[in-house]
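Enquirer: Below is work_1.cif; it holds mmCIF, C-alpha atoms and all ligand atoms.
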```cif
data_upload
#
loop_
_atom_site.label_atom_id
_atom_site.label_comp_id
_atom_site.auth_asym_id
_atom_site.auth_seq_id
_atom_site.Cartn_x
_atom_site.Cartn_y
_atom_site.Cartn_z
CA MET A 8 16.37 -2.50 -3.03
CA VAL A 9 13.04 -1.03 -4.10
CA LEU A 10 10.01 -3.33 -4.10
CA LEU A 11 7.17 -3.17 -6.58
CA ALA A 12 3.59 -3.89 -5.51
CA PRO A 13 1.15 -3.85 -8.44
CA SER A 14 -2.37 -2.86 -7.39
CA ILE A 15 -5.04 -5.19 -8.75
CA LEU A 16 -7.54 -2.32 -8.62
CA SER A 17 -6.82 -1.64 -12.29
CA ALA A 18 -6.78 -5.31 -13.35
CA ASP A 19 -9.65 -7.02 -15.18
CA PHE A 20 -11.86 -8.10 -12.26
CA SER A 21 -13.32 -10.94 -14.32
CA ARG A 22 -9.83 -12.48 -14.59
CA LEU A 23 -8.15 -11.56 -11.30
CA GLY A 24 -6.46 -14.93 -10.79
CA GLU A 25 -4.72 -14.65 -14.15
CA ALA A 26 -3.70 -11.04 -13.44
CA VAL A 27 -2.09 -12.04 -10.16
CA ALA A 28 -0.19 -14.96 -11.69
CA TYR A 29 0.88 -12.69 -14.54
CA VAL A 30 2.45 -9.94 -12.40
CA GLU A 31 4.13 -12.54 -10.22
CA LYS A 32 5.75 -14.06 -13.28
CA ALA A 33 6.71 -10.58 -14.50
CA GLY A 34 8.82 -10.10 -11.34
CA ALA A 35 6.59 -8.08 -9.01
CA HIS A 36 7.54 -8.42 -5.32
CA TRP A 37 4.23 -7.89 -3.54
CA LEU A 38 0.55 -7.76 -4.49
CA HIS A 39 -1.33 -4.63 -3.42
CA ILE A 40 -5.02 -5.23 -2.72
CA ASP A 41 -7.24 -2.16 -2.37
CA VAL A 42 -10.23 -2.61 -0.07
CA MET A 43 -12.81 0.20 -0.13
CA ASP A 44 -16.05 0.48 1.83
CA GLY A 45 -18.02 3.32 0.20
CA HIS A 46 -17.78 5.31 3.46
CA PHE A 47 -14.16 6.27 4.07
CA VAL A 48 -13.73 6.56 0.30
CA PRO A 49 -16.38 7.03 -2.41
CA ASN A 50 -15.92 3.61 -4.00
CA ILE A 51 -16.54 -0.04 -3.14
CA THR A 52 -14.14 -2.80 -4.13
CA ILE A 53 -13.35 -6.15 -2.64
CA GLY A 54 -13.67 -8.08 0.60
CA PRO A 55 -11.99 -11.04 2.29
CA GLY A 56 -13.71 -13.53 -0.01
CA VAL A 57 -11.76 -12.29 -3.00
CA VAL A 58 -8.49 -12.32 -1.04
CA LYS A 59 -9.20 -15.91 -0.05
CA ALA A 60 -9.91 -16.91 -3.64
CA LEU A 61 -6.65 -15.34 -4.83
CA ARG A 62 -4.46 -16.77 -2.07
CA PRO A 63 -3.81 -20.18 -3.70
CA LYS A 64 -2.98 -18.47 -7.00
CA SER A 65 0.12 -16.68 -5.74
CA GLN A 66 3.18 -16.81 -3.49
CA LEU A 67 3.46 -13.01 -3.41
CA LEU A 68 3.17 -11.10 -0.16
CA PHE A 69 -0.46 -9.93 0.04
CA ASP A 70 -0.38 -6.25 0.98
CA VAL A 71 -3.95 -5.32 1.93
CA HIS A 72 -4.73 -1.58 1.96
CA LEU A 73 -7.86 -1.08 4.03
CA MET A 74 -9.63 2.12 2.97
CA VAL A 75 -12.49 1.43 5.36
CA GLU A 76 -14.03 2.84 8.50
CA ARG A 77 -13.76 0.65 11.64
CA PRO A 78 -10.93 -1.42 10.15
CA GLU A 79 -10.49 -3.20 13.49
CA LEU A 80 -13.69 -5.15 12.72
CA TYR A 81 -12.18 -6.80 9.64
CA LEU A 82 -8.54 -7.51 10.56
CA ARG A 83 -9.05 -11.15 11.49
CA ASP A 84 -11.13 -11.90 8.42
CA PHE A 85 -8.54 -10.48 6.05
CA ARG A 86 -5.73 -12.23 7.89
CA ALA A 87 -7.61 -15.56 7.75
CA ALA A 88 -8.19 -14.98 4.04
CA GLY A 89 -4.44 -14.72 3.45
CA ALA A 90 -3.29 -11.13 4.04
CA ASP A 91 0.38 -10.87 5.04
CA LEU A 92 0.38 -7.15 5.72
CA LEU A 93 -2.61 -5.09 6.86
CA THR A 94 -2.59 -1.33 6.44
CA VAL A 95 -5.17 0.91 8.10
CA HIS A 96 -5.73 4.64 7.62
CA ALA A 97 -4.71 6.83 10.55
CA GLU A 98 -7.64 9.15 9.75
CA VAL A 99 -10.20 6.54 10.85
CA CYS A 100 -8.39 5.27 13.95
CA PRO A 101 -8.84 7.41 17.08
CA HIS A 102 -7.10 4.56 18.92
CA LEU A 103 -4.37 3.95 16.40
CA HIS A 104 -1.95 2.33 18.83
CA ARG A 105 -4.59 -0.23 19.80
CA VAL A 106 -5.39 -1.06 16.17
CA ILE A 107 -1.70 -1.57 15.38
CA GLN A 108 -1.43 -4.02 18.27
CA ALA A 109 -4.58 -5.79 17.02
CA ILE A 110 -3.01 -6.21 13.58
CA LYS A 111 0.09 -7.72 15.16
CA GLU A 112 -2.02 -10.08 17.22
CA THR A 113 -3.34 -11.58 13.99
CA GLY A 114 0.26 -12.38 13.01
CA ALA A 115 0.25 -9.96 10.04
CA LYS A 116 2.72 -7.15 9.49
CA ALA A 117 1.31 -3.74 10.44
CA GLY A 118 1.04 -0.68 8.23
CA VAL A 119 -0.50 2.77 8.64
CA ALA A 120 -1.59 4.87 5.66
CA LEU A 121 -1.83 8.66 5.51
CA ASN A 122 -3.87 10.71 3.05
CA PRO A 123 -1.98 13.37 1.11
CA HIS A 124 -2.91 16.17 3.53
CA THR A 125 -2.44 14.23 6.76
CA PRO A 126 0.65 15.39 8.64
CA LEU A 127 3.31 12.83 9.44
CA ASP A 128 3.03 13.78 13.12
CA ILE A 129 0.08 11.41 13.49
CA ILE A 130 2.43 8.39 13.41
CA LYS A 131 5.26 10.05 15.33
CA TYR A 132 4.68 8.13 18.55
CA VAL A 133 3.95 4.73 16.99
CA LEU A 134 6.79 4.65 14.46
CA GLU A 135 8.72 1.89 16.23
CA ASP A 136 5.61 -0.33 16.24
CA LEU A 137 5.15 -0.29 12.48
CA ASP A 138 6.41 -2.46 9.65
CA MET A 139 5.24 0.05 7.04
CA VAL A 140 3.99 3.57 6.52
CA LEU A 141 1.98 4.11 3.33
CA LEU A 142 2.03 7.68 2.06
CA MET A 143 -0.85 8.34 -0.33
CA SER A 144 0.20 10.41 -3.33
CA VAL A 145 -3.40 10.70 -4.59
CA ASN A 146 -6.68 11.01 -2.72
CA PRO A 147 -7.71 7.40 -2.09
CA GLY A 148 -10.68 5.92 -3.89
CA PHE A 149 -9.73 5.44 -7.51
CA GLY A 150 -6.93 4.33 -9.76
CA GLY A 151 -5.57 6.43 -12.59
CA GLN A 152 -5.23 9.79 -10.79
CA SER A 153 -2.31 12.21 -11.04
CA PHE A 154 0.59 12.14 -8.60
CA ILE A 155 0.53 14.94 -5.97
CA PRO A 156 4.11 16.27 -5.77
CA ASN A 157 3.69 17.75 -2.27
CA VAL A 158 4.08 14.22 -0.92
CA LEU A 159 7.80 14.32 -1.80
CA PRO A 160 8.97 16.36 1.22
CA LYS A 161 6.79 14.12 3.41
CA ILE A 162 8.59 11.04 2.12
CA SER A 163 11.96 12.68 2.84
CA LEU A 164 10.93 13.57 6.38
CA LEU A 165 9.67 10.04 7.04
CA LYS A 166 12.94 8.65 5.70
CA GLU A 167 14.82 10.87 8.18
CA TRP A 168 12.68 9.66 11.08
CA ALA A 169 13.01 6.04 9.98
CA LYS A 170 16.81 6.21 9.77
CA GLU A 171 16.91 7.12 13.44
CA ARG A 172 14.05 5.12 14.88
CA ASN A 173 13.04 2.28 12.56
CA PRO A 174 15.63 1.59 9.85
CA GLU A 175 13.78 -1.52 8.60
CA LEU A 176 10.57 0.44 7.94
CA TYR A 177 8.91 -0.02 4.59
CA ILE A 178 8.07 3.38 3.14
CA GLN A 179 5.35 2.77 0.58
CA VAL A 180 4.03 5.34 -1.85
CA ASP A 181 0.66 4.77 -3.53
CA GLY A 182 -0.98 6.75 -6.32
CA GLY A 183 0.08 8.08 -9.68
CA ILE A 184 3.27 6.02 -9.84
CA ASN A 185 4.67 5.63 -13.35
CA LYS A 186 8.12 5.62 -14.87
CA GLU A 187 8.44 9.41 -14.45
CA THR A 188 7.30 9.63 -10.82
CA ALA A 189 8.93 6.39 -9.57
CA PRO A 190 12.49 7.84 -9.55
CA LEU A 191 11.28 10.95 -7.70
CA VAL A 192 9.72 9.01 -4.83
CA VAL A 193 12.67 6.62 -4.61
CA GLU A 194 15.07 9.54 -4.46
CA ALA A 195 12.98 11.01 -1.64
CA GLY A 196 13.23 7.73 0.32
CA ALA A 197 10.41 5.36 -0.74
CA ASN A 198 11.28 1.67 -0.86
CA VAL A 199 7.94 0.12 -1.87
CA LEU A 200 6.07 1.40 -4.91
CA VAL A 201 2.42 0.68 -5.63
CA ALA A 202 1.34 0.96 -9.25
CA GLY A 203 -2.11 0.15 -10.59
CA SER A 204 -3.02 1.81 -13.86
CA PHE A 205 0.57 2.10 -15.09
CA VAL A 206 0.88 -1.68 -14.93
CA PHE A 207 -2.56 -2.96 -15.84
CA ASN A 208 -3.53 -0.34 -18.43
CA HIS A 209 -0.21 -0.79 -20.22
CA PRO A 210 -0.43 -2.66 -23.53
CA ASN A 211 2.28 -4.96 -22.17
CA PRO A 212 2.00 -5.14 -18.35
CA ALA A 213 5.19 -7.23 -18.00
CA GLN A 214 7.06 -4.47 -19.77
CA ALA A 215 5.47 -1.92 -17.44
CA VAL A 216 6.73 -3.91 -14.43
CA ALA A 217 10.24 -4.01 -15.94
CA GLN A 218 10.17 -0.29 -16.77
CA LEU A 219 9.11 0.63 -13.25
CA MET A 220 11.78 -1.52 -11.65
CA GLU A 221 14.40 -0.06 -13.93
CA SER A 222 13.35 3.53 -13.32
CA ALA A 223 13.18 2.88 -9.57
CA GLN A 224 16.79 1.68 -9.40
CA THR A 225 18.15 4.98 -10.76
C1 LIG A 301 -6.12 4.41 -4.65
C2 LIG A 301 -5.49 3.09 -4.34
C3 LIG A 301 -4.31 2.78 -5.17
C4 LIG A 301 -4.59 2.70 -6.64
C5 LIG A 301 -3.39 3.26 -7.34
O1 LIG A 301 -7.09 4.69 -3.74
O2 LIG A 301 -5.08 3.02 -2.99
O3 LIG A 301 -3.62 1.63 -4.72
O4 LIG A 301 -4.82 1.41 -7.11
O5 LIG A 301 -3.69 3.37 -8.68
P1 LIG A 301 -2.74 4.17 -9.68
O6 LIG A 301 -1.40 3.49 -9.66
O7 LIG A 301 -3.45 4.03 -10.98
O8 LIG A 301 -2.69 5.59 -9.19
ZN ZN A 302 -3.75 1.33 -2.40
#
```
Kindly return the structure encoded in the file as structure tokens.
Expert:
Amino acid sequence: MVLLAPSILSADFSRLGEAVAYVEKAGAHWLHIDVMDGHFVPNITIGPGVVKALRPKSQLLFDVHLMVERPELYLRDFRAAGADLLTVHAEVCPHLHRVIQAIKETGAKAGVALNPHTPLDIIKYVLEDLDMVLLMSVNPGFGGQSFIPNVLPKISLLKEWAKERNPELYIQVDGGINKETAPLVVEAGANVLVAGSFVFNHPNPAQAVAQLMESAQT
């Protein structure tokens, strides 16, 4: 089963509560929340306050993608605000193992994200500790960018590793997912798809959710 996690980055920020309720009703499985600090990535988005405000509006799993430096400083705040899964970037964690344990201590599920160029080797020795690996298929910072096809062999390799060492692992792919790219990443081994602009810029976002789920099952 492939899960769909719409990213609210492309939703109307003046009506986020409605957007969240809308995608939940449309059948989305998780809600992907993109947190950016203006340092790790050249954009600034939302903090724990917004997560807290959205929490009572939805039953969806809150999948918080932390594109921030020093993510260890903010884990507790995001967890207290209602995050169910916290994903940090390997590129900003010299003590990645420690940060993964710190996520687990909050009671949240633990994810590690890798930029498109970052080799999979960086998570090789923590694979068993993770609930999810997020493979970026665009350079993080903005919605609406084009899918980078070189991520496909990386997804396949991760799937191979996961089969052996962590069969329950969520393999999430984020960036440029639409009804053409969704089947490619699923075929390679992804089981959680993030989609921002394809869902929220669609004239009928519920239809976009349905189209993605349909194309992902093939
Ligand atoms: C990019 C974010 C993504 C973004 C995806 O830095 O991590 O989650 O919202 O947007 P689309 O689906 O438009 O590529
Ligand atoms: Zn994201």
Enquirer: Provide the atom O4 of ligand LIG 301 (chain A) to atom CA of Leu164 of chain A distance in Å, to one decimal place.
Expert: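 A separation of 24.0 Å between them.
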Enquirer: For ligand ZN 302 (chain A), which residue among A:Gln179, A:Thr125, A:Thr113, A:Ser163 is the nearest when counting all atoms listed in the file?
Expert: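 Going through A:Gln179, A:Thr125, A:Thr113, A:Ser163 one by one, the smallest distance to ligand ZN 302 (chain A) is for A:Gln179.
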Enquirer: My list of candidates is A:Leu61, A:Ala28, A:Ala213, A:Ala109. Which is closest to Arg83 of chain A when distances are computed with only C-alpha atoms?
Expert: A:Ala109
Enquirer: How big is the axis-aligned box around all listed atoms of ligand LIG 301 (chain A) once 6 Å goes on each side, and where's its centre, in Å to one decimal, as JSON?
Expert:
```
{"center_x": -4.2, "center_y": 3.5, "center_z": -7.0, "size_x": 17.7, "size_y": 16.2, "size_z": 20.0}
```
Enquirer: What would the list of residues within 12 Å of (-5.2, -0.2, 4.4) (file frame) look like as an MDAnalysis selection string, if all atoms listed in the file are what count?
Expert: chainID A and resid 39:44 47:48 69:79 81:82 85 90 92:100 106:107 110 116:122 139:143 147:148 179 181
